[in-house]
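> Structure: coords37.tsv, TSV, C-alpha atoms and all ligand atoms.
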```
chain	number	residue	atom	x	y	z
A	25	MET	CA	31.39	-23.43	-0.84
A	26	ASP	CA	34.74	-21.67	-0.50
A	27	VAL	CA	35.71	-22.28	3.21
A	28	SER	CA	37.01	-18.72	3.54
A	29	ARG	CA	33.44	-17.47	2.94
A	30	ILE	CA	31.84	-19.38	5.84
A	31	GLY	CA	32.35	-16.50	8.32
A	32	GLU	CA	31.01	-14.03	5.79
A	33	MET	CA	27.95	-16.22	5.15
A	34	LYS	CA	27.22	-16.41	8.88
A	35	SER	CA	26.95	-12.64	8.99
A	36	ILE	CA	24.69	-12.62	5.93
A	37	MET	CA	22.22	-15.29	7.07
A	38	PRO	CA	19.37	-15.39	7.79
A	39	ILE	CA	17.78	-13.04	5.27
A	40	SER	CA	14.15	-12.12	6.04
A	41	PHE	CA	11.69	-10.91	3.45
A	42	ILE	CA	10.55	-8.34	6.01
A	43	ASP	CA	11.96	-8.15	9.56
A	44	LEU	CA	9.45	-7.07	12.18
A	45	LYS	CA	11.52	-8.69	14.95
A	46	ALA	CA	14.53	-6.43	14.35
A	47	GLN	CA	12.22	-3.43	14.33
A	48	GLN	CA	10.51	-4.57	17.54
A	49	ALA	CA	13.87	-5.01	19.28
A	50	ARG	CA	14.65	-1.36	18.44
A	51	ILE	CA	11.41	0.09	19.87
A	52	ARG	CA	10.19	-2.48	22.40
A	53	PRO	CA	10.65	-0.31	25.54
A	54	GLN	CA	8.67	2.53	23.95
A	55	ILE	CA	5.92	0.11	22.81
A	56	GLU	CA	5.67	-1.36	26.30
A	57	ALA	CA	5.49	2.13	27.84
A	58	ARG	CA	2.68	3.08	25.43
A	59	PHE	CA	0.81	-0.19	26.18
A	60	SER	CA	1.12	0.54	29.93
A	61	THR	CA	-0.41	3.96	29.39
A	62	VAL	CA	-3.40	2.39	27.62
A	63	LEU	CA	-3.77	-0.21	30.41
A	64	ASP	CA	-3.67	2.62	32.96
A	65	HIS	CA	-6.30	4.84	31.34
A	66	GLY	CA	-8.41	1.86	30.20
A	67	GLN	CA	-9.96	3.59	27.17
A	68	TYR	CA	-9.37	0.67	24.82
A	69	ILE	CA	-11.77	2.15	22.27
A	70	ASN	CA	-11.53	5.85	21.36
A	71	GLY	CA	-8.68	6.50	23.78
A	72	PRO	CA	-6.52	9.62	23.50
A	73	GLU	CA	-4.10	7.70	21.22
A	74	ILE	CA	-6.70	7.88	18.41
A	75	THR	CA	-6.79	11.67	18.20
A	76	GLU	CA	-3.05	11.88	18.86
A	77	LEU	CA	-2.28	9.57	15.92
A	78	GLU	CA	-4.79	11.24	13.60
A	79	GLN	CA	-3.17	14.59	14.32
A	80	ALA	CA	0.38	13.23	13.98
A	81	LEU	CA	-0.41	11.68	10.58
A	82	ALA	CA	-2.09	14.87	9.35
A	83	HIS	CA	0.87	16.93	10.58
A	84	MET	CA	3.40	14.68	8.87
A	85	THR	CA	1.65	14.47	5.50
A	86	GLY	CA	0.02	17.89	5.34
A	87	ALA	CA	-3.43	16.29	4.90
A	88	GLU	CA	-6.35	18.42	6.16
A	89	ASP	CA	-7.60	15.58	8.36
A	90	VAL	CA	-7.05	11.87	9.01
A	91	VAL	CA	-9.63	9.36	10.24
A	92	LEU	CA	-8.42	6.07	11.69
A	93	CYS	CA	-10.48	2.97	10.99
A	94	GLY	CA	-10.31	-0.81	11.40
A	95	ASN	CA	-8.20	-1.65	8.32
A	96	GLY	CA	-7.32	-0.50	4.82
A	97	THR	CA	-10.34	-2.23	3.27
A	98	GLU	CA	-12.68	-0.23	5.51
A	99	ALA	CA	-10.81	2.93	4.60
A	100	LEU	CA	-11.75	2.30	0.94
A	101	GLU	CA	-15.33	1.36	1.87
A	102	PHE	CA	-15.92	4.40	4.10
A	103	ALA	CA	-14.57	6.78	1.48
A	104	MET	CA	-16.96	5.30	-1.08
A	105	MET	CA	-19.91	5.37	1.35
A	106	GLY	CA	-19.18	9.02	2.12
A	107	GLU	CA	-19.28	9.85	-1.60
A	108	GLY	CA	-22.55	7.98	-2.07
A	109	ILE	CA	-21.05	5.49	-4.52
A	110	GLY	CA	-23.55	2.69	-5.19
A	111	PRO	CA	-25.59	0.74	-7.75
A	112	GLY	CA	-25.32	2.12	-11.27
A	113	ASP	CA	-21.87	3.63	-10.64
A	114	ALA	CA	-18.76	2.53	-12.53
A	115	VAL	CA	-15.56	2.61	-10.48
A	116	PHE	CA	-12.30	2.32	-12.45
A	117	ILE	CA	-9.61	0.20	-10.79
A	118	PRO	CA	-6.55	-1.82	-11.85
A	119	ALA	CA	-6.84	-5.63	-11.84
A	120	PHE	CA	-3.16	-5.90	-10.85
A	121	THR	CA	-3.75	-5.21	-7.14
A	122	TYR	CA	-4.97	-6.84	-3.94
A	123	ALA	CA	-8.57	-8.10	-3.74
A	124	ALA	CA	-9.58	-5.33	-1.31
A	125	THR	CA	-9.67	-2.70	-4.07
A	126	ALA	CA	-12.34	-4.60	-6.01
A	127	SER	CA	-14.21	-6.00	-2.98
A	128	ALA	CA	-14.76	-2.50	-1.62
A	129	VAL	CA	-16.35	-1.45	-4.93
A	130	LEU	CA	-18.69	-4.44	-4.95
A	131	MET	CA	-19.55	-4.04	-1.25
A	132	ALA	CA	-20.73	-0.52	-2.17
A	133	GLY	CA	-23.01	-2.08	-4.82
A	134	ALA	CA	-21.05	-0.38	-7.63
A	135	THR	CA	-19.47	-1.99	-10.70
A	136	PRO	CA	-15.69	-2.36	-11.01
A	137	VAL	CA	-14.24	-1.55	-14.43
A	138	PHE	CA	-10.76	-3.01	-14.76
A	139	VAL	CA	-8.04	-0.83	-16.30
A	140	ASP	CA	-4.66	-2.08	-17.50
A	141	VAL	CA	-1.40	-0.95	-15.91
A	142	ASP	CA	1.73	0.68	-17.28
A	143	ALA	CA	4.55	-1.80	-18.00
A	144	GLN	CA	7.20	0.39	-16.37
A	145	THR	CA	5.51	1.60	-13.17
A	146	PHE	CA	2.98	-1.28	-12.72
A	147	ASN	CA	0.43	1.44	-11.85
A	148	MET	CA	-2.82	2.35	-13.64
A	149	ASP	CA	-2.22	3.30	-17.28
A	150	PRO	CA	-3.86	6.71	-17.89
A	151	VAL	CA	-4.24	5.94	-21.62
A	152	ASP	CA	-6.26	2.80	-20.89
A	153	LEU	CA	-8.19	4.67	-18.17
A	154	ALA	CA	-9.24	7.33	-20.68
A	155	ALA	CA	-10.35	4.63	-23.14
A	156	LYS	CA	-12.31	2.69	-20.50
A	157	VAL	CA	-14.07	5.83	-19.22
A	158	GLN	CA	-14.98	6.81	-22.77
A	159	ALA	CA	-16.41	3.34	-23.43
A	160	ILE	CA	-18.60	3.54	-20.30
A	161	VAL	CA	-19.84	7.01	-21.28
A	162	VAL	CA	-20.67	5.87	-24.83
A	163	GLU	CA	-22.41	2.70	-23.64
A	164	GLY	CA	-24.54	4.79	-21.26
A	165	ARG	CA	-25.54	1.91	-18.95
A	166	LEU	CA	-23.44	3.01	-15.93
A	167	GLN	CA	-22.46	6.40	-14.56
A	168	ALA	CA	-18.66	6.92	-14.64
A	169	ALA	CA	-18.32	7.89	-10.97
A	170	MET	CA	-14.92	7.23	-9.42
A	171	VAL	CA	-11.37	6.13	-10.13
A	172	ILE	CA	-9.25	4.29	-7.56
A	173	PRO	CA	-5.59	4.41	-8.60
A	174	VAL	CA	-3.49	1.97	-6.58
A	175	ASP	CA	0.04	3.03	-5.60
A	176	LEU	CA	1.39	-0.45	-6.14
A	177	PHE	CA	4.51	-1.61	-4.27
A	178	GLY	CA	4.92	1.93	-2.87
A	179	LEU	CA	5.13	4.12	-5.98
A	180	PRO	CA	2.40	6.78	-6.25
A	181	ALA	CA	0.30	6.40	-9.40
A	182	ASN	CA	0.42	8.94	-12.23
A	183	TYR	CA	-1.92	11.44	-10.50
A	184	PRO	CA	-1.17	14.39	-12.82
A	185	ALA	CA	-2.51	12.43	-15.82
A	186	ILE	CA	-5.33	10.77	-13.85
A	187	ASN	CA	-6.45	14.15	-12.45
A	188	GLU	CA	-6.90	15.47	-16.00
A	189	ILE	CA	-9.08	12.53	-17.06
A	190	ALA	CA	-11.06	12.74	-13.82
A	191	ALA	CA	-11.67	16.47	-14.31
A	192	GLN	CA	-12.95	15.90	-17.88
A	193	HIS	CA	-15.50	13.32	-16.73
A	194	ASP	CA	-16.28	14.55	-13.22
A	195	LEU	CA	-14.81	11.41	-11.65
A	196	LYS	CA	-14.02	11.32	-7.95
A	197	ILE	CA	-10.50	10.19	-7.09
A	198	LEU	CA	-9.81	7.86	-4.18
A	199	ALA	CA	-6.16	6.80	-3.91
A	200	ASP	CA	-5.53	3.27	-2.67
A	201	GLY	CA	-2.34	4.03	-0.73
A	202	ALA	CA	-2.43	0.79	1.28
A	203	GLN	CA	1.10	-0.01	0.05
A	204	SER	CA	2.55	3.44	-0.41
A	205	PHE	CA	2.64	5.33	2.88
A	206	GLY	CA	5.96	7.19	2.82
A	207	GLY	CA	5.88	7.70	-0.94
A	208	THR	CA	5.93	11.21	-2.40
A	209	GLN	CA	4.95	13.02	-5.60
A	210	ASP	CA	5.84	16.60	-6.48
A	211	GLY	CA	7.04	17.08	-2.90
A	212	LYS	CA	3.76	15.89	-1.35
A	213	TRP	CA	3.45	12.83	0.87
A	214	VAL	CA	1.04	10.01	0.05
A	215	GLY	CA	-2.06	11.05	1.99
A	216	ASN	CA	-1.97	14.54	0.54
A	217	ILE	CA	-1.57	13.83	-3.19
A	218	ALA	CA	-5.18	12.83	-3.93
A	219	PRO	CA	-8.36	14.31	-2.40
A	220	MET	CA	-8.94	11.05	-0.46
A	221	THR	CA	-6.38	8.33	0.32
A	222	ALA	CA	-6.98	4.95	1.96
A	223	VAL	CA	-4.03	3.54	3.92
A	224	SER	CA	-3.50	0.18	5.65
A	225	PHE	CA	-1.52	-0.43	8.83
A	226	PHE	CA	-1.42	-4.22	8.33
A	227	PRO	CA	1.74	-5.41	10.16
A	228	ALA	CA	3.74	-6.06	6.98
A	229	LYS	CA	3.25	-2.54	5.63
A	230	ALA	CA	6.06	0.03	5.87
A	231	LEU	CA	4.07	1.64	8.71
A	232	GLY	CA	2.17	-1.15	10.40
A	233	CYS	CA	0.55	-1.96	13.74
A	234	TYR	CA	0.43	-5.30	15.61
A	235	GLY	CA	-2.98	-6.27	14.28
A	236	ASP	CA	-5.35	-4.58	11.87
A	237	GLY	CA	-5.60	-0.85	11.34
A	238	GLY	CA	-6.17	1.70	8.61
A	239	ALA	CA	-6.82	5.35	7.92
A	240	ILE	CA	-8.43	7.66	5.40
A	241	PHE	CA	-6.55	10.86	4.63
A	242	SER	CA	-8.56	13.81	3.43
A	243	GLN	CA	-8.04	17.19	1.88
A	244	SER	CA	-11.44	18.19	3.32
A	245	LYS	CA	-12.47	18.39	6.99
A	246	GLU	CA	-16.16	17.95	6.05
A	247	LYS	CA	-15.49	14.58	4.42
A	248	ALA	CA	-13.46	13.47	7.43
A	249	GLU	CA	-16.36	14.25	9.78
A	250	ILE	CA	-18.65	12.06	7.65
A	251	TRP	CA	-16.15	9.16	7.88
A	252	ARG	CA	-15.89	9.64	11.68
A	253	SER	CA	-19.64	9.24	11.81
A	254	ILE	CA	-19.67	6.22	9.47
A	255	ARG	CA	-17.07	4.37	11.55
A	256	TRP	CA	-19.33	4.67	14.62
A	257	HIS	CA	-22.70	3.54	13.20
A	258	GLY	CA	-23.38	6.83	11.50
A	259	THR	CA	-23.73	8.64	14.81
A	260	ASP	CA	-23.66	12.36	15.54
A	261	ALA	CA	-20.86	13.94	17.60
A	262	THR	CA	-22.37	12.60	20.86
A	263	HIS	CA	-22.48	9.02	19.45
A	264	LYS	CA	-26.09	8.75	20.66
A	265	GLU	CA	-28.19	9.09	17.51
A	266	SER	CA	-27.45	7.52	14.11
A	267	ILE	CA	-27.94	10.28	11.58
A	268	ARG	CA	-26.80	8.16	8.62
A	269	VAL	CA	-26.12	4.49	7.96
A	270	GLY	CA	-22.72	3.44	9.22
A	271	THR	CA	-20.92	0.53	10.79
A	272	ASN	CA	-18.43	-0.41	13.50
A	273	GLY	CA	-15.07	0.41	11.95
A	274	ARG	CA	-12.85	1.80	14.69
A	275	MET	CA	-9.15	1.26	15.19
A	276	ASP	CA	-8.43	0.47	18.86
A	277	SER	CA	-6.17	2.40	21.21
A	278	MET	CA	-3.52	-0.37	21.51
A	279	GLN	CA	-3.01	-0.42	17.73
A	280	ALA	CA	-2.82	3.37	17.59
A	281	ALA	CA	-0.21	3.22	20.38
A	282	VAL	CA	1.96	0.91	18.23
A	283	VAL	CA	1.72	3.17	15.17
A	284	LEU	CA	2.55	6.24	17.31
A	285	VAL	CA	5.82	4.62	18.38
A	286	LYS	CA	6.66	3.39	14.87
A	287	LEU	CA	6.00	6.86	13.50
A	288	THR	CA	8.93	8.19	15.57
A	289	ILE	CA	11.36	6.03	13.56
A	290	PHE	CA	9.44	6.00	10.28
A	291	GLU	CA	11.42	8.66	8.41
A	292	ASP	CA	14.70	7.10	9.53
A	293	GLU	CA	13.48	3.70	8.30
A	294	LEU	CA	12.34	5.27	5.05
A	295	LYS	CA	15.82	6.72	4.48
A	296	ARG	CA	17.27	3.23	4.88
A	297	ARG	CA	14.64	1.74	2.54
A	298	ARG	CA	15.63	4.33	-0.09
A	299	LYS	CA	19.32	3.45	0.36
A	300	ILE	CA	18.59	-0.26	-0.03
A	301	ALA	CA	16.55	0.40	-3.17
A	302	ALA	CA	19.42	2.46	-4.60
A	303	LEU	CA	21.86	-0.33	-3.77
A	304	TYR	CA	19.64	-2.92	-5.48
A	305	ASP	CA	19.42	-0.58	-8.49
A	306	ASP	CA	23.19	-0.12	-8.68
A	307	CYS	CA	23.84	-3.85	-8.50
A	308	LEU	CA	21.08	-4.91	-10.90
A	309	ARG	CA	20.92	-2.07	-13.45
A	310	GLY	CA	21.59	-3.32	-16.95
A	311	ALA	CA	21.07	-6.97	-15.94
A	312	ILE	CA	17.32	-6.85	-15.32
A	313	HIS	CA	14.27	-4.56	-15.37
A	314	ILE	CA	14.61	-2.58	-12.12
A	315	PRO	CA	11.70	-0.62	-10.61
A	316	GLU	CA	10.90	2.56	-12.47
A	317	ARG	CA	11.59	5.98	-10.94
A	318	CYS	CA	9.24	8.65	-12.17
A	319	GLY	CA	10.84	12.07	-12.11
A	320	ARG	CA	8.02	13.46	-9.96
A	321	SER	CA	7.59	10.52	-7.57
A	322	ASP	CA	9.50	8.56	-4.99
A	323	SER	CA	8.32	5.18	-3.78
A	324	GLY	CA	7.63	4.39	-0.13
A	325	TRP	CA	9.58	1.19	-0.90
A	326	GLY	CA	7.15	-1.18	0.76
A	327	LEU	CA	8.36	-3.71	-1.80
A	328	TYR	CA	11.23	-3.94	-4.30
A	329	SER	CA	9.81	-5.77	-7.31
A	330	ILE	CA	11.56	-6.81	-10.49
A	331	VAL	CA	10.46	-8.34	-13.78
A	332	LEU	CA	12.08	-11.60	-14.90
A	333	GLU	CA	11.37	-13.61	-18.04
A	334	ASP	CA	12.30	-16.89	-16.35
A	335	ARG	CA	10.81	-15.94	-12.98
A	336	ASP	CA	9.87	-19.31	-11.51
A	337	ARG	CA	13.24	-20.97	-12.19
A	338	ILE	CA	15.15	-17.99	-10.80
A	339	ARG	CA	12.93	-17.92	-7.73
A	340	ASN	CA	13.89	-21.56	-7.04
A	341	VAL	CA	17.59	-20.72	-7.42
A	342	LEU	CA	17.17	-17.90	-4.89
A	343	ALA	CA	15.31	-20.21	-2.50
A	344	ASP	CA	18.20	-22.71	-2.72
A	345	ALA	CA	20.51	-19.86	-1.63
A	346	ASN	CA	18.16	-19.14	1.34
A	347	ILE	CA	16.89	-15.93	-0.22
A	348	PRO	CA	13.15	-15.48	0.31
A	349	SER	CA	11.06	-13.85	-2.39
A	350	THR	CA	7.33	-13.38	-2.96
A	351	ILE	CA	5.03	-13.01	-5.94
A	352	TYR	CA	2.60	-10.12	-5.80
A	353	TYR	CA	0.40	-11.04	-7.69
A	354	GLN	CA	0.16	-14.49	-9.25
A	355	GLN	CA	-3.32	-13.82	-10.57
A	356	LEU	CA	-5.21	-10.75	-11.75
A	357	LEU	CA	-8.43	-9.86	-9.93
A	358	SER	CA	-10.22	-10.18	-13.29
A	359	GLN	CA	-9.12	-13.85	-13.36
A	360	MET	CA	-10.45	-14.63	-9.86
A	361	ALA	CA	-13.82	-16.33	-9.35
A	362	ALA	CA	-15.17	-13.40	-7.31
A	363	PHE	CA	-14.48	-10.79	-9.98
A	364	GLU	CA	-14.25	-12.63	-13.34
A	365	ALA	CA	-17.73	-11.45	-14.33
A	366	PHE	CA	-16.14	-8.00	-14.75
A	367	ALA	CA	-13.16	-9.14	-16.87
A	368	PRO	CA	-12.90	-6.80	-19.86
A	369	GLN	CA	-13.22	-8.11	-23.39
A	370	GLY	CA	-9.76	-8.14	-24.95
A	371	GLY	CA	-8.13	-8.76	-21.58
A	372	LEU	CA	-5.49	-6.68	-19.82
A	373	PRO	CA	-2.32	-7.60	-21.72
A	374	VAL	CA	0.25	-5.70	-19.65
A	375	SER	CA	-1.20	-6.85	-16.32
A	376	GLU	CA	-1.41	-10.45	-17.56
A	377	GLY	CA	2.28	-10.41	-18.56
A	378	LEU	CA	3.31	-8.98	-15.18
A	379	CYS	CA	1.56	-11.78	-13.27
A	380	ARG	CA	3.86	-14.24	-15.03
A	381	ARG	CA	7.07	-12.22	-14.55
A	382	ILE	CA	6.92	-10.11	-11.39
A	383	LEU	CA	9.02	-11.01	-8.33
A	384	SER	CA	9.48	-9.12	-5.05
A	385	LEU	CA	12.88	-9.32	-3.34
A	386	PRO	CA	13.55	-8.89	0.41
A	387	MET	CA	12.91	-5.26	1.40
A	388	HIS	CA	13.01	-3.83	4.91
A	389	PRO	CA	15.11	-1.22	6.74
A	390	TYR	CA	17.14	-3.82	8.65
A	391	LEU	CA	18.72	-5.49	5.60
A	392	THR	CA	22.48	-5.00	5.56
A	393	ASP	CA	24.47	-3.89	2.52
A	394	SER	CA	26.19	-7.32	2.52
A	395	GLN	CA	22.83	-9.05	2.37
A	396	VAL	CA	21.74	-6.92	-0.59
A	397	HIS	CA	25.06	-7.64	-2.36
A	398	TYR	CA	24.62	-11.37	-1.71
A	399	ILE	CA	21.03	-11.34	-3.06
A	400	CYS	CA	22.12	-9.48	-6.21
A	401	GLU	CA	25.14	-11.74	-6.74
A	402	LYS	CA	22.95	-14.87	-6.61
A	403	LEU	CA	20.27	-13.28	-8.76
A	404	ILE	CA	22.65	-12.18	-11.51
A	405	ALA	CA	24.38	-15.57	-11.48
A	406	ALA	CA	20.98	-17.22	-11.98
A	407	LEU	CA	20.01	-15.16	-15.03
A	501	LIG	C1	-3.51	-2.42	-2.56
A	501	LIG	C2	-4.22	-2.76	-1.28
A	501	LIG	N1	-5.42	-2.22	-1.02
A	501	LIG	C3	-6.08	-2.47	0.11
A	501	LIG	C4	-5.58	-3.32	1.07
A	501	LIG	C5	-6.37	-3.64	2.27
A	501	LIG	O1	-5.77	-3.35	3.49
A	501	LIG	P1	-6.17	-4.19	4.79
A	501	LIG	O2	-5.55	-5.54	4.68
A	501	LIG	O3	-5.62	-3.38	5.92
A	501	LIG	O4	-7.66	-4.26	4.83
A	501	LIG	C6	-4.31	-3.93	0.84
A	501	LIG	C7	-3.74	-4.84	1.83
A	501	LIG	O5	-2.73	-5.46	1.65
A	501	LIG	C8	-3.63	-3.64	-0.36
A	501	LIG	O6	-2.43	-4.19	-0.63
```
Just give me the structure as structure tokens.
Ligand SMILES: Cc1ncc(COP(=O)(O)O)c(C=O)c1O


Amino acid sequence: MDVSRIGEMKSIMPISFIDLKAQQARIRPQIEARFSTVLDHGQYINGPEITELEQALAHMTGAEDVVLCGNGTEALEFAMMGEGIGPGDAVFIPAFTYAATASAVLMAGATPVFVDVDAQTFNMDPVDLAAKVQAIVVEGRLQAAMVIPVDLFGLPANYPAINEIAAQHDLKILADGAQSFGGTQDGKWVGNIAPMTAVSFFPAKALGCYGDGGAIFSQSKEKAEIWRSIRWHGTDATHKESIRVGTNGRMDSMQAAVVLVKLTIFEDELKRRRKIAALYDDCLRGAIHIPERCGRSDSGWGLYSIVLEDRDRIRNVLADANIPSTIYYQQLLSQMAAFEAFAPQGGLPVSEGLCRRILSLPMHPYLTDSQVHYICEKLIAAL
């Protein structure tokens, strides 16, 4: 290496894929103060932080109501339970997503029907959705009941087109927004784009806690009350009698306290994520396939993912330059042992190609401009 660049390199390294430590350093006194409050009042379950966070999230997004639960998977499960989704129902989901989307469908006793994704946005392809719904209707074995678009890597799915198909076939729409909190479409925040949205507060998410947590956002107060009951063994408002089947799916007060503090810096962090994405775009445009911007949507920038023909070799070159990267996802759900029984005949050509070519670069609000320039310089040199 050029000796004159040693000082510069010291300020660039290390590069983290995500940097929860830098974020913690920024908010640690506030987190500790919130933890002390929980220790003082001692309501570890159903403490005042739960209602405070539900209201803060509803206020921010414009959702009618928000119900916290144990994690993003439960958020999907509770929404499906509340809608009565079960055996005999077909639920349309992408296969290019995390296992939770399909597991939740099978835990409900319903049948997942895998839909291909769009090559530009990586989100559910409305044309393939329409074809798959039509095929289920013609076959007549299952009831076309629900669609779960996944806002992959932060970008909201194509809800205007999906809404039209759903309206034609009376499909319920549950958004899997586990990766997209902070994203927008037509001026609406994720959480208030679809009638129901499941969100995860897993620590690595753009808005995460220090453990597990999740929430379901609703455009209907009645649905939210049903989910509140489901998360506490189907109990009535007094939590004494179970009036429906439910489970234990509560988020605890300590985790809510963490999210409350992180929410105070969330929009500032989001601004920085957007700037980093724009910087990546500027440096990489023309050299590689950069993430798609849809005119009506903005990503929450949980991840910055690119498509590379020679992905595995380039990933090794980046690793040699101490640049971490990750592959979401190496394998489609329809290729996994748990879900392969539902693999569609004819495959999912776009999704299959993406598994071989997708790569996620470091993305978090504490990346410096110099680090982004360094990553892009090494990446372009490797092409
Ligand atoms: C697309 C998607 N859906 C659902 C989930 C499940 O969230 P959790 O891990 O909080 O259960 C995840 C988690 O990463 C996800 O990426």

> Let me make sure I understand: among A:Leu308, A:Gly110, A:Pro118, A:Ala218, which one has the smallest atom-to-atom distance to A:Gly133 if we use all atoms listed in the file?

A:Gly110

> Around ligand LIG 501 (chain A), out to 7 Å and counting all atoms listed in the file, which residues are there? I want them as a list in words.

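So, counting all atoms listed in the file, the residues near ligand LIG 501 (chain A) are Asn95, Gly96, Thr97, Glu98, Thr121, Tyr122, Ala124, Thr125, Val174, Leu176, Asp200, Gly201, Ala202, Gln203, Ser224, Phe225, Phe226, Asp236, Gly237 and Gly238 of chain A.
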
> With a cut-off of 12 Å, could you pull out the residues of stretch 190-230 of chain A touching stretch 32-51 of chain A and give me the nearest pair of atoms for each, distance in Å to one decimal, using all atoms listed in the file, ordered by chain and ascending number, as a tab-separated table?


```
residue	atom	partner	partner_atom	distance
A:Phe226	CA	A:Leu44	CA	11.9
A:Pro227	CA	A:Leu44	CA	8.1
A:Ala228	CA	A:Ile42	CA	7.2
A:Lys229	CA	A:Ile42	CA	9.3
A:Ala230	CA	A:Ile42	CA	9.5
```

> Considering only C-alpha atoms, return as a ChimeraX atom specification whatever protein or nucleic-acid residues lie within 12 Å of stretch 68-82 of chain A, sequence-local ones (same chain, fewer than 3 positions apart) excluded.

/A:58-65,85-94,205-206,213-216,221,223,231,237-245,248,252,255-256,263,272-288,290

> Listing only residues of stretch 74-173 of chain A within 10 Å of stretch 195-198 of chain A, what is the closest atom pair and its distance in Å (to one decimal) for each, using all atoms listed in the file, sorted by chain and residue number ascending, as CSV?


```
residue,atom,partner,partner_atom,distance
A:Leu100,CA,A:Leu198,CA,7.8
A:Ala103,CA,A:Leu198,CA,7.5
A:Met104,CA,A:Leu198,CA,8.2
A:Glu107,CA,A:Lys196,CA,8.4
A:Ile109,CA,A:Lys196,CA,9.8
A:Ala114,CA,A:Leu195,CA,9.8
A:Val115,CA,A:Leu195,CA,8.9
A:Phe116,CA,A:Leu195,CA,9.5
A:Val157,CA,A:Leu195,CA,9.4
A:Gln167,CA,A:Leu195,CA,9.6
A:Ala168,CA,A:Leu195,CA,6.6
A:Ala169,CA,A:Leu195,CA,5.0
A:Met170,CA,A:Lys196,CA,4.4
A:Val171,CA,A:Ile197,CA,5.1
A:Ile172,CA,A:Leu198,CA,4.9
A:Pro173,CA,A:Leu198,CA,7.0
```

> I'd like the interatomic distance between atom CA of A:Gln355 and atom CA of A:Cys379, to a tenth of an Å.

5.9 Å

> To one decimal place, how far is atom CA of A:Leu372 from atom CA of A:Val139 in Å?

7.3 Å

> For atom CA of A:Ser358 and atom CA of A:His193, quote the distance in Å rounded to one decimal.

24.3 Å

> Please define a box with edges along x, y and z of the file around all atoms of stretch 239-252 of chain A given in the file, extend it by 6 Å on each side, and return its centre and edge lengths in Å to one decimal, as lines of an AutoDock Vina configuration file.


```
center_x = -12.6
center_y = 11.9
center_z = 6.8
size_x = 24.1
size_y = 25.0
size_z = 21.8
```

> Using only C-alpha atoms, find the one residue out of A:Ala367, A:Leu357, A:Phe177, A:Thr135 that sits nearest to A:Leu385.

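The shortest atom-to-atom distance to A:Leu385 comes from A:Phe177.
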
> Select all residues near (-11.6, -8.4, -23.0) (cut-off 12 Å, inclusive, file coordinates), counting all atoms listed in the file, and output them as a PyMOL selection string.

chain A and resi 137-140+156+358-359+364-373+376

> Any chance you could export the current selection's C-alpha atoms as a short mmCIF file (atom, residue, chain, number, x, y, z; two decimals), in the frame of the given file?


```
data_model
loop_
_atom_site.label_atom_id
_atom_site.label_comp_id
_atom_site.auth_asym_id
_atom_site.auth_seq_id
_atom_site.Cartn_x
_atom_site.Cartn_y
_atom_site.Cartn_z
CA VAL A 137 -14.24 -1.55 -14.43
CA PHE A 138 -10.76 -3.01 -14.76
CA VAL A 139 -8.04 -0.83 -16.30
CA ASP A 140 -4.66 -2.08 -17.50
CA LYS A 156 -12.31 2.69 -20.50
CA SER A 358 -10.22 -10.18 -13.29
CA GLN A 359 -9.12 -13.85 -13.36
CA GLU A 364 -14.25 -12.63 -13.34
CA ALA A 365 -17.73 -11.45 -14.33
CA PHE A 366 -16.14 -8.00 -14.75
CA ALA A 367 -13.16 -9.14 -16.87
CA PRO A 368 -12.90 -6.80 -19.86
CA GLN A 369 -13.22 -8.11 -23.39
CA GLY A 370 -9.76 -8.14 -24.95
CA GLY A 371 -8.13 -8.76 -21.58
CA LEU A 372 -5.49 -6.68 -19.82
CA PRO A 373 -2.32 -7.60 -21.72
CA GLU A 376 -1.41 -10.45 -17.56
#
```

> Of the residues A:Phe102, A:Arg317, A:Ile289, A:Leu378, which is the one nearest to A:Ala302, using all atoms listed in the file?

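The shortest atom-to-atom distance to A:Ala302 comes from A:Arg317.
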
> I need the residue nearest A:Ile351 from this list: A:Tyr398, A:Phe363, A:Tyr328, A:Tyr234. Use all atoms listed in the file for the distance.

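Closest to A:Ile351 of all the choices is A:Tyr328.
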
> Please write as number ranges by chain the list of polymer residues whose atoms come within 10 Å of (0.7, 11.1, -14.1), counting only C-alpha atoms and keeping to the coordinates of the file.

A: 147-150, 180-188, 209, 318, 320-321
